[in-house]
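Dropping target-v3.txt in here (compact mmCIF, C-alpha atoms and all ligand atoms):
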```txt
# COMPACT_ATOMS: atom_id res chain seq x y z
CA MET A 1 -33.20 5.78 19.52
CA HIS A 2 -32.64 9.14 17.90
CA PRO A 3 -32.04 8.43 14.25
CA ILE A 4 -29.50 10.69 12.64
CA THR A 5 -30.68 11.78 9.24
CA HIS A 6 -27.81 11.55 6.87
CA PRO A 7 -28.04 11.94 3.18
CA ALA A 8 -26.12 8.63 3.01
CA THR A 9 -28.96 6.82 4.72
CA SER A 10 -31.89 8.20 2.81
CA SER A 11 -33.11 7.95 -0.72
CA ALA A 12 -32.91 11.74 -0.80
CA ARG A 13 -29.18 11.41 -0.89
CA ARG A 14 -29.26 9.50 -4.14
CA SER A 15 -31.05 12.25 -6.06
CA ARG A 16 -29.15 14.91 -4.20
CA ARG A 17 -25.90 13.24 -5.14
CA ARG A 18 -26.79 13.42 -8.82
CA THR A 19 -27.76 17.06 -8.55
CA LEU A 20 -24.62 17.92 -6.68
CA THR A 21 -22.42 16.04 -9.08
CA LYS A 22 -23.74 18.24 -11.85
CA ALA A 23 -23.38 21.27 -9.63
CA ALA A 24 -19.80 20.29 -8.91
CA THR A 25 -18.92 20.38 -12.55
CA ALA A 26 -20.66 23.67 -13.08
CA ALA A 27 -19.22 25.32 -10.01
CA ALA A 28 -15.58 24.55 -10.84
CA LEU A 29 -14.56 25.65 -7.39
CA SER A 30 -11.06 26.75 -6.69
CA LEU A 31 -9.28 23.91 -4.98
CA THR A 32 -6.80 26.40 -3.63
CA ALA A 33 -9.40 27.69 -1.23
CA VAL A 34 -10.94 24.36 -0.43
CA LEU A 35 -7.83 22.33 0.12
CA GLY A 36 -5.54 24.95 1.54
CA THR A 37 -2.78 24.06 -0.89
CA ALA A 38 -1.32 25.69 -3.97
CA THR A 39 -3.31 23.30 -6.12
CA SER A 40 -5.79 25.02 -8.42
CA ALA A 41 -8.94 23.58 -9.92
CA GLY A 42 -8.16 20.93 -12.48
CA ALA A 43 -4.43 21.02 -11.74
CA ALA A 44 -2.87 17.62 -11.36
CA VAL A 45 -2.03 16.54 -7.87
CA PRO A 46 1.68 15.66 -7.72
CA PRO A 47 2.29 11.99 -8.45
CA ASP A 48 2.57 9.62 -5.52
CA ASP A 49 4.33 6.34 -5.00
CA LEU A 50 1.28 4.10 -4.95
CA ASN A 51 3.31 1.20 -3.63
CA LYS A 52 3.93 3.28 -0.54
CA LEU A 53 0.19 3.83 -0.22
CA TYR A 54 -0.64 0.17 -0.76
CA ALA A 55 1.96 -0.92 1.81
CA ALA A 56 -0.34 0.43 4.53
CA SER A 57 -2.86 -2.35 3.87
CA LEU A 58 -1.43 -5.12 1.71
CA THR A 59 -4.23 -7.34 2.97
CA PRO A 60 -7.68 -5.93 3.81
CA TYR A 61 -7.50 -4.02 7.08
CA MET A 62 -9.43 -5.34 10.07
CA GLY A 63 -10.82 -3.67 13.16
CA TRP A 64 -13.76 -2.05 14.87
CA ASN A 65 -15.56 1.23 14.09
CA THR A 66 -17.66 3.39 16.41
CA TRP A 67 -20.47 4.32 14.05
CA TYR A 68 -23.05 1.52 14.21
CA GLY A 69 -22.29 0.38 17.77
CA ARG A 70 -21.82 3.71 19.54
CA GLY A 71 -23.07 6.48 17.25
CA VAL A 72 -21.76 9.89 18.24
CA ALA A 73 -21.84 8.99 21.97
CA ILE A 74 -18.10 8.41 22.14
CA ASN A 75 -15.55 9.55 24.68
CA GLN A 76 -12.34 8.35 26.21
CA SER A 77 -13.85 5.81 28.61
CA VAL A 78 -16.13 4.34 25.91
CA ILE A 79 -13.27 3.93 23.46
CA ARG A 80 -10.91 2.52 26.07
CA ALA A 81 -13.58 -0.01 27.04
CA GLU A 82 -14.03 -1.05 23.41
CA ALA A 83 -10.27 -1.39 22.95
CA ASP A 84 -10.07 -3.48 26.11
CA ALA A 85 -12.94 -5.66 24.85
CA LEU A 86 -11.19 -6.26 21.52
CA VAL A 87 -8.18 -7.59 23.41
CA ASN A 88 -10.03 -9.53 26.13
CA SER A 89 -12.47 -11.22 23.73
CA GLY A 90 -9.74 -12.56 21.46
CA LEU A 91 -10.88 -10.37 18.55
CA ALA A 92 -7.58 -8.49 18.46
CA ALA A 93 -5.63 -11.74 18.38
CA ALA A 94 -7.86 -12.84 15.49
CA GLY A 95 -6.77 -9.74 13.56
CA PHE A 96 -9.28 -7.01 14.50
CA LYS A 97 -6.61 -4.54 15.47
CA THR A 98 -7.74 -1.06 14.42
CA VAL A 99 -10.01 0.93 16.75
CA TRP A 100 -11.54 3.44 14.37
CA LEU A 101 -13.25 6.64 15.56
CA ASP A 102 -16.01 7.84 13.27
CA ASP A 103 -18.25 10.91 13.42
CA GLY A 104 -18.69 12.37 16.91
CA TRP A 105 -15.11 12.70 18.09
CA TRP A 106 -14.88 16.37 17.09
CA SER A 107 -17.26 19.34 17.17
CA GLY A 108 -15.54 21.20 14.33
CA SER A 109 -13.61 23.70 16.51
CA ARG A 110 -10.13 25.05 15.70
CA ASP A 111 -7.64 27.36 17.37
CA ALA A 112 -6.32 30.61 15.90
CA SER A 113 -3.78 28.73 13.79
CA GLY A 114 -6.51 26.55 12.36
CA LYS A 115 -5.45 23.48 14.27
CA ILE A 116 -8.22 21.13 15.41
CA THR A 117 -9.21 21.46 19.06
CA VAL A 118 -11.23 18.90 21.02
CA SER A 119 -13.26 18.82 24.20
CA SER A 120 -11.16 18.03 27.28
CA THR A 121 -14.28 16.60 28.89
CA GLN A 122 -14.74 14.13 26.07
CA TRP A 123 -11.01 13.38 25.69
CA PRO A 124 -9.27 14.11 29.03
CA THR A 125 -5.89 12.88 27.80
CA GLY A 126 -6.34 14.39 24.35
CA MET A 127 -6.48 12.59 21.04
CA ASN A 128 -2.80 11.73 21.40
CA GLY A 129 -3.40 10.28 24.87
CA LEU A 130 -6.17 8.12 23.45
CA ALA A 131 -3.87 6.91 20.67
CA ASP A 132 -1.17 6.13 23.22
CA TYR A 133 -3.60 4.05 25.26
CA ILE A 134 -4.79 2.11 22.23
CA HIS A 135 -1.23 1.53 21.07
CA SER A 136 -0.31 0.30 24.54
CA LYS A 137 -2.85 -2.50 24.04
CA GLY A 138 -1.06 -3.60 20.87
CA LEU A 139 -3.78 -2.07 18.69
CA LYS A 140 -3.92 0.61 16.02
CA VAL A 141 -6.19 3.63 15.88
CA GLY A 142 -8.12 5.32 13.11
CA ILE A 143 -9.83 8.70 12.81
CA TYR A 144 -12.39 10.42 10.58
CA THR A 145 -13.09 13.69 8.81
CA ASP A 146 -14.95 15.01 5.77
CA ALA A 147 -13.59 16.19 2.44
CA GLY A 148 -15.64 19.39 2.54
CA TYR A 149 -16.04 22.27 4.97
CA ASN A 150 -18.90 20.52 6.73
CA GLY A 151 -19.35 16.93 7.82
CA CYS A 152 -22.22 14.44 7.86
CA GLY A 153 -22.74 15.49 11.47
CA GLY A 154 -22.85 19.24 10.91
CA ALA A 155 -21.18 22.54 10.13
CA ASN A 156 -17.41 22.91 10.09
CA LYS A 157 -16.78 19.22 10.70
CA GLY A 158 -14.65 18.85 7.62
CA SER A 159 -11.05 19.39 6.60
CA ALA A 160 -11.52 21.62 3.53
CA GLY A 161 -9.07 24.49 3.76
CA HIS A 162 -6.94 22.48 6.20
CA VAL A 163 -6.17 19.26 4.37
CA GLN A 164 -2.43 18.97 4.97
CA GLN A 165 -2.72 20.61 8.38
CA ASP A 166 -5.34 18.12 9.60
CA ILE A 167 -3.58 15.10 8.18
CA ASN A 168 -0.36 16.29 9.84
CA THR A 169 -2.26 16.67 13.10
CA PHE A 170 -3.70 13.16 12.91
CA ALA A 171 -0.26 11.75 12.15
CA ALA A 172 1.39 13.71 14.97
CA TRP A 173 -1.26 12.45 17.39
CA GLY A 174 -0.31 8.91 16.35
CA TYR A 175 -3.26 7.87 14.22
CA ASP A 176 -2.72 4.97 11.85
CA ALA A 177 -5.74 5.29 9.59
CA VAL A 178 -8.08 7.99 8.32
CA LYS A 179 -11.55 7.81 6.75
CA ILE A 180 -12.55 10.76 4.57
CA ASP A 181 -16.32 11.15 4.22
CA HIS A 182 -18.09 13.22 1.60
CA CYS A 183 -21.23 14.86 3.04
CA GLY A 184 -19.56 18.27 3.15
CA GLY A 185 -17.81 17.45 -0.10
CA ASN A 186 -21.23 17.18 -1.72
CA ILE A 187 -22.42 20.44 -0.21
CA THR A 188 -19.30 22.23 -1.38
CA GLY A 189 -19.55 20.61 -4.80
CA LEU A 190 -15.99 19.36 -4.78
CA ASN A 191 -14.33 17.87 -7.80
CA ASP A 192 -14.19 14.38 -6.38
CA ALA A 193 -11.18 12.85 -8.07
CA ASP A 194 -8.94 15.91 -7.51
CA THR A 195 -10.07 16.22 -3.93
CA TYR A 196 -9.39 12.66 -2.93
CA ALA A 197 -6.07 12.68 -4.78
CA THR A 198 -5.12 15.69 -2.67
CA TYR A 199 -5.99 13.83 0.52
CA ARG A 200 -3.99 10.87 -0.71
CA HIS A 201 -1.02 13.15 -1.34
CA ALA A 202 -1.37 14.75 2.08
CA ILE A 203 -1.47 11.36 3.80
CA LEU A 204 1.57 10.07 1.94
CA ASN A 205 3.48 13.27 2.74
CA ASN A 206 2.39 13.85 6.32
CA SER A 207 4.94 15.74 8.41
CA SER A 208 5.51 12.76 10.72
CA ALA A 209 6.19 10.42 7.79
CA ARG A 210 3.65 8.15 9.46
CA PRO A 211 2.14 5.34 7.38
CA MET A 212 -1.65 5.74 7.44
CA VAL A 213 -4.44 3.69 5.92
CA PHE A 214 -6.63 5.85 3.67
CA ASN A 215 -10.35 5.01 3.39
CA ILE A 216 -12.52 6.97 0.96
CA CYS A 217 -16.18 7.09 1.97
CA ALA A 218 -18.07 8.41 -1.01
CA TRP A 219 -20.76 5.80 -1.61
CA GLY A 220 -19.88 4.40 -4.95
CA TYR A 221 -18.69 7.14 -7.23
CA GLN A 222 -16.57 5.20 -9.65
CA ALA A 223 -14.67 8.38 -10.48
CA TYR A 224 -12.99 8.13 -7.09
CA GLN A 225 -11.34 4.83 -7.77
CA PRO A 226 -8.58 6.13 -10.02
CA VAL A 227 -7.28 8.40 -7.25
CA ASN A 228 -6.36 5.24 -5.37
CA SER A 229 -6.93 4.75 -1.70
CA ASN A 230 -6.55 1.68 0.47
CA ALA A 231 -10.32 1.17 0.30
CA TRP A 232 -13.23 2.97 -1.29
CA ARG A 233 -16.87 2.62 -0.24
CA THR A 234 -18.87 1.10 -3.06
CA ASP A 235 -22.42 1.90 -1.90
CA PHE A 236 -24.43 3.84 0.65
CA ASP A 237 -24.48 3.04 4.35
CA ILE A 238 -25.38 -0.56 5.11
CA ALA A 239 -27.49 0.59 8.09
CA VAL A 240 -28.92 3.69 9.69
CA GLY A 241 -26.73 5.13 12.44
CA SER A 242 -28.26 6.35 15.69
CA SER A 243 -27.06 8.87 18.24
CA ASP A 244 -25.70 6.25 20.62
CA GLY A 245 -25.67 3.04 18.60
CA SER A 246 -28.89 1.73 20.16
CA TYR A 247 -31.63 0.56 17.85
CA VAL A 248 -35.11 -0.85 17.91
CA PRO A 249 -35.58 -4.18 16.11
CA GLY A 250 -38.22 -3.69 13.46
CA SER A 251 -37.32 -0.03 12.95
CA GLY A 252 -35.59 -0.75 9.66
CA ALA A 253 -32.23 0.53 10.89
CA TYR A 254 -30.54 -2.80 10.23
CA THR A 255 -31.90 -4.83 7.36
CA TYR A 256 -30.89 -7.95 5.53
CA ALA A 257 -31.89 -6.20 2.30
CA LYS A 258 -29.08 -3.67 2.66
CA VAL A 259 -26.54 -6.39 3.38
CA LEU A 260 -27.52 -7.94 0.03
CA ARG A 261 -27.55 -4.53 -1.68
CA ASN A 262 -24.05 -3.63 -0.57
CA LEU A 263 -22.78 -7.10 -1.39
CA ASP A 264 -24.18 -6.95 -4.91
CA THR A 265 -22.85 -3.46 -5.59
CA ASN A 266 -19.45 -4.33 -4.20
CA SER A 267 -19.27 -7.41 -6.40
CA ARG A 268 -19.43 -5.34 -9.60
CA THR A 269 -15.83 -4.10 -9.52
CA PRO A 270 -13.67 -7.11 -8.64
CA THR A 271 -10.75 -5.97 -10.75
CA SER A 272 -10.48 -2.77 -8.69
CA ALA A 273 -9.32 -4.86 -5.73
CA GLY A 274 -5.78 -6.07 -5.18
CA PRO A 275 -3.06 -5.96 -2.55
CA GLY A 276 -3.26 -2.54 -0.91
CA HIS A 277 -6.51 -1.33 -2.53
CA TRP A 278 -9.89 -2.81 -1.72
CA ASN A 279 -13.57 -2.41 -2.45
CA ASP A 280 -15.35 -1.45 0.78
CA PRO A 281 -18.98 -2.62 1.18
CA ASP A 282 -19.26 -1.02 4.68
CA TYR A 283 -19.17 -2.61 8.10
CA LEU A 284 -20.01 -6.02 9.54
CA LEU A 285 -23.37 -6.08 11.30
CA THR A 286 -22.59 -9.24 13.27
CA GLY A 287 -24.44 -8.93 16.58
CA HIS A 288 -27.30 -6.79 15.29
CA ASN A 289 -30.66 -8.36 14.53
CA LEU A 290 -31.45 -7.84 10.88
CA ASP A 291 -34.99 -6.78 9.98
CA GLY A 292 -36.43 -8.92 7.23
CA LEU A 293 -35.20 -12.14 8.80
CA PRO A 294 -36.64 -14.43 11.47
CA THR A 295 -34.58 -13.94 14.65
CA SER A 296 -33.63 -17.61 14.47
CA SER A 297 -31.73 -16.86 11.26
CA THR A 298 -29.71 -13.91 12.62
CA ASP A 299 -26.59 -15.94 13.33
CA ALA A 300 -26.71 -17.75 9.99
CA ALA A 301 -27.09 -14.44 8.15
CA SER A 302 -24.25 -12.93 10.18
CA ARG A 303 -22.02 -15.83 9.20
CA SER A 304 -23.10 -15.28 5.59
CA GLN A 305 -22.19 -11.59 5.66
CA PHE A 306 -18.83 -12.48 7.19
CA SER A 307 -18.26 -15.24 4.64
CA MET A 308 -19.16 -13.07 1.65
CA TRP A 309 -17.10 -10.10 2.88
CA ALA A 310 -14.16 -12.52 3.15
CA MET A 311 -14.88 -13.88 -0.34
CA MET A 312 -14.76 -10.29 -1.66
CA ALA A 313 -11.50 -9.49 0.16
CA ALA A 314 -13.31 -6.65 1.92
CA PRO A 315 -11.98 -4.78 4.92
CA LEU A 316 -13.40 -6.53 8.00
CA ILE A 317 -14.61 -3.84 10.38
CA ILE A 318 -16.95 -4.74 13.23
CA GLY A 319 -19.98 -2.44 13.40
CA THR A 320 -21.41 -3.47 16.77
CA ARG A 321 -20.23 -2.95 20.35
CA ALA A 322 -17.30 -5.24 21.00
CA THR A 323 -18.14 -4.99 24.69
CA THR A 324 -21.43 -6.89 24.37
CA LEU A 325 -20.93 -9.40 21.55
CA SER A 326 -22.57 -12.77 22.20
CA PRO A 327 -20.56 -16.00 22.20
CA ALA A 328 -22.14 -16.86 18.83
CA SER A 329 -21.09 -13.53 17.32
CA LEU A 330 -17.58 -13.88 18.71
CA ALA A 331 -17.35 -17.39 17.27
CA THR A 332 -18.35 -16.02 13.87
CA LEU A 333 -15.87 -13.16 13.92
CA THR A 334 -12.93 -15.25 15.12
CA ASN A 335 -13.21 -18.02 12.54
CA ALA A 336 -9.55 -18.06 11.55
CA GLU A 337 -10.13 -20.15 8.44
CA VAL A 338 -12.64 -17.69 6.98
CA ILE A 339 -10.45 -14.75 8.01
CA ALA A 340 -7.59 -16.43 6.13
CA VAL A 341 -9.73 -16.36 2.97
CA ASP A 342 -10.17 -12.61 3.37
CA GLN A 343 -6.50 -12.05 4.18
CA ASP A 344 -5.07 -14.27 1.45
CA ALA A 345 -1.93 -12.62 0.09
CA ARG A 346 -3.00 -12.89 -3.55
CA GLY A 347 -5.59 -10.21 -2.83
CA SER A 348 -8.04 -11.50 -5.40
CA GLN A 349 -11.70 -10.53 -5.02
CA GLY A 350 -14.05 -13.49 -5.39
CA VAL A 351 -16.74 -13.50 -8.07
CA LYS A 352 -20.09 -15.16 -8.56
CA ILE A 353 -19.81 -18.21 -10.83
CA ALA A 354 -23.35 -19.60 -10.63
CA ASP A 355 -26.80 -18.35 -9.70
CA ASP A 356 -30.02 -20.38 -9.65
CA LEU A 357 -31.96 -17.07 -9.51
CA ALA A 358 -33.96 -18.40 -6.57
CA GLY A 359 -31.41 -17.47 -3.92
CA GLY A 360 -28.74 -20.12 -4.43
CA GLN A 361 -25.39 -18.76 -5.55
CA VAL A 362 -21.85 -20.07 -5.93
CA TRP A 363 -18.87 -17.76 -5.56
CA SER A 364 -15.20 -18.48 -6.14
CA LYS A 365 -12.09 -16.67 -4.91
CA ARG A 366 -8.65 -17.50 -6.17
CA LEU A 367 -6.18 -18.07 -3.36
CA THR A 368 -2.40 -18.05 -3.19
CA GLY A 369 -0.76 -21.02 -4.87
CA SER A 370 -1.75 -23.10 -7.82
CA GLY A 371 -5.12 -24.82 -7.97
CA THR A 372 -6.60 -23.40 -4.77
CA ARG A 373 -9.94 -21.63 -4.38
CA ALA A 374 -12.32 -20.56 -1.68
CA ILE A 375 -15.79 -21.56 -2.86
CA ALA A 376 -18.92 -20.24 -1.17
CA LEU A 377 -22.34 -21.84 -1.49
CA PHE A 378 -24.53 -18.91 -0.49
CA ASN A 379 -28.24 -19.27 0.20
CA ARG A 380 -29.66 -15.74 0.14
CA SER A 381 -33.21 -16.98 0.68
CA GLY A 382 -35.41 -18.19 3.50
CA THR A 383 -35.79 -21.63 1.95
CA GLY A 384 -33.17 -24.31 2.55
CA ARG A 385 -31.83 -25.72 -0.70
CA ASN A 386 -29.16 -27.85 -2.28
CA ILE A 387 -26.47 -25.78 -3.99
CA THR A 388 -23.98 -27.32 -6.40
CA ALA A 389 -20.52 -25.96 -7.15
CA SER A 390 -18.98 -26.93 -10.47
CA PHE A 391 -15.21 -27.10 -10.14
CA SER A 392 -14.63 -26.29 -13.80
CA ALA A 393 -16.63 -23.07 -13.32
CA ALA A 394 -14.17 -22.23 -10.55
CA GLY A 395 -11.25 -22.87 -12.91
CA LEU A 396 -10.24 -26.22 -11.46
CA ARG A 397 -9.99 -29.73 -12.88
CA GLY A 398 -9.09 -33.19 -11.77
CA THR A 399 -9.42 -34.54 -8.28
CA ILE A 400 -10.32 -31.92 -5.73
CA GLY A 401 -9.74 -31.95 -1.99
CA LEU A 402 -12.33 -30.03 0.01
CA ARG A 403 -12.33 -28.55 3.48
CA ASP A 404 -15.38 -26.95 5.11
CA LEU A 405 -14.20 -23.72 6.74
CA TRP A 406 -17.18 -23.39 9.08
CA THR A 407 -17.24 -26.98 10.40
CA HIS A 408 -13.43 -27.14 10.22
CA THR A 409 -13.47 -30.58 8.65
CA ASN A 410 -11.86 -32.12 5.64
CA LEU A 411 -14.64 -33.67 3.60
CA SER A 412 -14.19 -37.40 3.68
CA SER A 413 -13.70 -38.06 0.02
CA VAL A 414 -11.89 -36.08 -2.58
CA THR A 415 -14.16 -35.40 -5.45
CA THR A 416 -14.31 -34.56 -9.13
CA GLY A 417 -16.70 -32.54 -11.25
CA SER A 418 -18.92 -30.90 -8.69
CA TYR A 419 -19.96 -30.81 -5.06
CA THR A 420 -23.46 -30.40 -3.68
CA ALA A 421 -24.41 -29.39 -0.15
CA TYR A 422 -27.69 -28.63 1.57
CA VAL A 423 -27.54 -25.00 2.70
CA PRO A 424 -30.03 -23.83 5.36
CA PRO A 425 -31.94 -20.54 5.00
CA TYR A 426 -29.65 -17.49 4.80
CA ALA A 427 -26.58 -19.66 5.44
CA THR A 428 -23.32 -20.03 3.59
CA VAL A 429 -21.02 -23.01 3.25
CA VAL A 430 -17.43 -21.96 2.63
CA LEU A 431 -15.06 -24.53 1.19
CA LYS A 432 -11.38 -24.51 0.48
CA ALA A 433 -10.85 -26.45 -2.74
CA THR A 434 -7.44 -27.77 -3.69
CA GLY A 435 -6.93 -29.25 -7.13
CA THR A 436 -5.34 -28.44 -10.47
CA GLU A 437 -5.67 -25.24 -12.48
CA ALA A 438 -7.93 -25.90 -15.45
CA SER A 439 -5.60 -24.01 -17.77
C1 LIG B 1 -21.80 8.80 6.51
C2 LIG B 1 -20.88 7.62 6.24
C3 LIG B 1 -20.93 6.65 7.41
C4 LIG B 1 -20.59 7.35 8.70
C5 LIG B 1 -21.50 8.55 8.89
C6 LIG B 1 -21.09 9.39 10.08
O1 LIG B 1 -23.15 8.43 6.52
O2 LIG B 1 -21.22 6.97 5.04
O3 LIG B 1 -20.04 5.56 7.21
O4 LIG B 1 -19.24 7.76 8.67
O5 LIG B 1 -21.48 9.41 7.75
O6 LIG B 1 -21.86 10.55 10.17
```
Encoding of this model in structure tokens:
Amino acid sequence: MHPITHPATSSARRSRRRTLTKAATAAALSLTAVLGTATSAGAAVPPDDLNKLYAASLTPYMGWNTWYGRGVAINQSVIRAEADALVNSGLAAAGFKTVWLDDGWWSGSRDASGKITVSSTQWPTGMNGLADYIHSKGLKVGIYTDAGYNGCGGANKGSAGHVQQDINTFAAWGYDAVKIDHCGGNITGLNDADTYATYRHAILNNSSARPMVFNICAWGYQAYQPVNSNAWRTDFDIAVGSSDGSYVPGSGAYTYAKVLRNLDTNSRTPTSAGPGHWNDPDYLLTGHNLDGLPTSSTDAASRSQFSMWAMMAAPLIIGTRATTLSPASLATLTNAEVIAVDQDARGSQGVKIADDLAGGQVWSKRLTGSGTRAIALFNRSGTGRNITASFSAAGLRGTIGLRDLWTHTNLSSVTTGSYTAYVPPYATVVLKATGTEAS
């Protein structure tokens, strides 16, 4: 494995981010130069119809991303194979419909007019040909750039100075989603909120009038949230990317600790989530071994990440190779009843309602309709334990019907007051509770 050193994956980034945030304020760069628009520093970006933005992802978007499974080793045949695998495995039918290219698709080159150019060796039918192929499979396709002049992967791999031009290009090629990273944005010292608002405006006014999902990737700056995107990353990368997506178990690239870290950070801003705008805790690691866990607990922990991402109404993006997922991983990812929790039309982000401070937690997510909740009994620890959910803490009263969404069974007796289950190490029980609103 050749680890790629990104600020987003190292503690250096955290201190650098603080420094650069201060620098950004001091520098007060001209946005005219950076964004290639008539907008000047501090000037308000024209207002947008946020309902139009939100319409692109009224429920959390679902799909597959190149970064953790393939690294920068992506090309037409690799992406076609992954798209084929999404369809043939049943993942697409389960909802994982967006094939999302991350860093590595572009070297940063442009023609004399400033338009992005790509390698014809890497993409023999061009970026539009790739989009056509993916669309022909009934899927959608996403793409990636950086807010600044540079990207996480190197010089010139950003859209600063070309914002509307690049967004127009992506739309004309047929792309349905765009992720805007912030490595170059940091280096340039961009004013974050103005910058992302400008990207939002460019996406909503692209010259093809193409609806596009907008994902901000800026690792938890709360200042970004008011500019409104379809999803904003709430913490640093959940794993360490490699050049080709390969990794060595024990290397620390994929750790259970970071799954918990990103979960906990993401849980702090539940009111930021709602139909069309979601907190993004980064990608699903289902299929990777997680350092810090016994191998025998990998599948349980994967189901827990999937369960908790669904409880938080997070975008569900697979971060492993779809081409080589095990039957157990596929079974996890295609659990329609847990996916339905994530995709519930109310768009409410679940919250923690109990914590025994030894690893046992209870989370509740309000679902569509009166008196319905998803309730998760989450065992973060390596010790099996009983976990008890109090229905009143979840806002319910009276007689409660319960269904276990992993065993797909209605629990034999309706119950009142509380429910206790034994939860194995690192596992999560997810229940659908149907009762009466407490108030
Ligand atoms: C940053 C982002 C990741 C990924 C990489 C690609 O680290 O946070 O999600 O896009 O860049 O270089």
For CA of Arg261 in chain A and CA of Thr388 in chain A, the interatomic separation in Å (one decimal):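 Computed distance, CA of Arg261 in chain A to CA of Thr388 in chain A, equals 23.5 Å.
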Counting only C-alpha atoms and all ligand atoms, give me one row per residue of chain A with an atom at most 9 Å from an atom of ligand LIG 1 (chain B), showing the shortest contact pair and its distance in Å to one decimal, sorted by chain then residue number, as a tab-separated table.
```
residue	atom	partner	partner_atom	distance
A:Ile4	CA	B:LIG1	O6	8.0
A:Thr5	CA	B:LIG1	O1	8.7
A:His6	CA	B:LIG1	O1	5.6
A:Pro7	CA	B:LIG1	O1	6.9
A:Ala8	CA	B:LIG1	O1	4.6
A:Thr9	CA	B:LIG1	O1	6.3
A:Trp67	CA	B:LIG1	C4	6.1
A:Tyr68	CA	B:LIG1	C4	8.4
A:Gly71	CA	B:LIG1	C6	8.0
A:Val72	CA	B:LIG1	O6	8.1
A:Asp102	CA	B:LIG1	O4	5.6
A:Asp103	CA	B:LIG1	C6	4.6
A:Gly104	CA	B:LIG1	O6	7.7
A:Tyr144	CA	B:LIG1	O4	7.6
A:Thr145	CA	B:LIG1	O4	8.5
A:Asp146	CA	B:LIG1	O5	8.8
A:Gly151	CA	B:LIG1	O6	7.2
A:Cys152	CA	B:LIG1	O6	4.5
A:Gly153	CA	B:LIG1	O6	5.2
A:Gly154	CA	B:LIG1	O6	8.8
A:Lys179	CA	B:LIG1	O4	7.9
A:Ile180	CA	B:LIG1	O4	8.4
A:Asp181	CA	B:LIG1	C2	6.1
A:His182	CA	B:LIG1	C1	7.6
A:Cys183	CA	B:LIG1	C1	7.0
A:Cys217	CA	B:LIG1	O2	5.9
A:Ala218	CA	B:LIG1	O2	7.0
A:Trp219	CA	B:LIG1	O2	6.8
A:Arg233	CA	B:LIG1	O2	8.1
A:Asp235	CA	B:LIG1	O2	8.7
A:Phe236	CA	B:LIG1	O2	6.3
A:Asp237	CA	B:LIG1	O2	5.2
A:Ile238	CA	B:LIG1	O3	8.4
A:Ala239	CA	B:LIG1	C3	9.0
A:Val240	CA	B:LIG1	O1	8.1
A:Gly241	CA	B:LIG1	C5	7.2
A:Asp282	CA	B:LIG1	O3	7.1
A:Tyr283	CA	B:LIG1	O3	8.3
```
Gly69 in chain A surroundings by all atoms listed in the file, 6 Å radius, close-in-sequence under 2 positions cut, as a ChimeraX atom specification: /A:66-67,245,319-321
Within 10 Å of Ala55 in chain A using only C-alpha atoms, minus same-chain residues under 4 positions, as a PyMOL selection string: chain A and resi 50-51+59+211-213+230+275-277
Store the residues picked out above, limited to C-alpha atoms, as a PDB file, in the coordinates of the input.
```
ATOM      1  CA  LEU A  50       1.280   4.100  -4.950  1.00  0.00           C
ATOM      2  CA  ASN A  51       3.310   1.200  -3.630  1.00  0.00           C
ATOM      3  CA  THR A  59      -4.230  -7.340   2.970  1.00  0.00           C
ATOM      4  CA  PRO A 211       2.140   5.340   7.380  1.00  0.00           C
ATOM      5  CA  MET A 212      -1.650   5.740   7.440  1.00  0.00           C
ATOM      6  CA  VAL A 213      -4.440   3.690   5.920  1.00  0.00           C
ATOM      7  CA  ASN A 230      -6.550   1.680   0.470  1.00  0.00           C
ATOM      8  CA  PRO A 275      -3.060  -5.960  -2.550  1.00  0.00           C
ATOM      9  CA  GLY A 276      -3.260  -2.540  -0.910  1.00  0.00           C
ATOM     10  CA  HIS A 277      -6.510  -1.330  -2.530  1.00  0.00           C
TER      11      HIS A 277
END
```
Of the listed residues A:Ala56, A:Val341, A:Ile318, A:Ala193, that which approaches Arg210 in chain A most closely, counting only C-alpha atoms: A:Ala56
Residue neighbourhood Leu260 in chain A, 12 Å, all atoms listed in the file, exclusion window fewer than 5 positions, as an NGL selection string: :A and (235 or 238-239 or 254-255 or 265-267 or 281-282 or 290 or 292 or 301-302 or 304-305 or 308-309 or 359 or 378-381 or 426)
C-alpha atoms of the current selection, written as a compact mmCIF listing (two decimals), keeping the file's coordinate frame:
```txt
# COMPACT_ATOMS: atom_id res chain seq x y z
CA ASP A 235 -22.42 1.90 -1.90
CA ILE A 238 -25.38 -0.56 5.11
CA ALA A 239 -27.49 0.59 8.09
CA TYR A 254 -30.54 -2.80 10.23
CA THR A 255 -31.90 -4.83 7.36
CA THR A 265 -22.85 -3.46 -5.59
CA ASN A 266 -19.45 -4.33 -4.20
CA SER A 267 -19.27 -7.41 -6.40
CA PRO A 281 -18.98 -2.62 1.18
CA ASP A 282 -19.26 -1.02 4.68
CA LEU A 290 -31.45 -7.84 10.88
CA GLY A 292 -36.43 -8.92 7.23
CA ALA A 301 -27.09 -14.44 8.15
CA SER A 302 -24.25 -12.93 10.18
CA SER A 304 -23.10 -15.28 5.59
CA GLN A 305 -22.19 -11.59 5.66
CA MET A 308 -19.16 -13.07 1.65
CA TRP A 309 -17.10 -10.10 2.88
CA GLY A 359 -31.41 -17.47 -3.92
CA PHE A 378 -24.53 -18.91 -0.49
CA ASN A 379 -28.24 -19.27 0.20
CA ARG A 380 -29.66 -15.74 0.14
CA SER A 381 -33.21 -16.98 0.68
CA TYR A 426 -29.65 -17.49 4.80
```
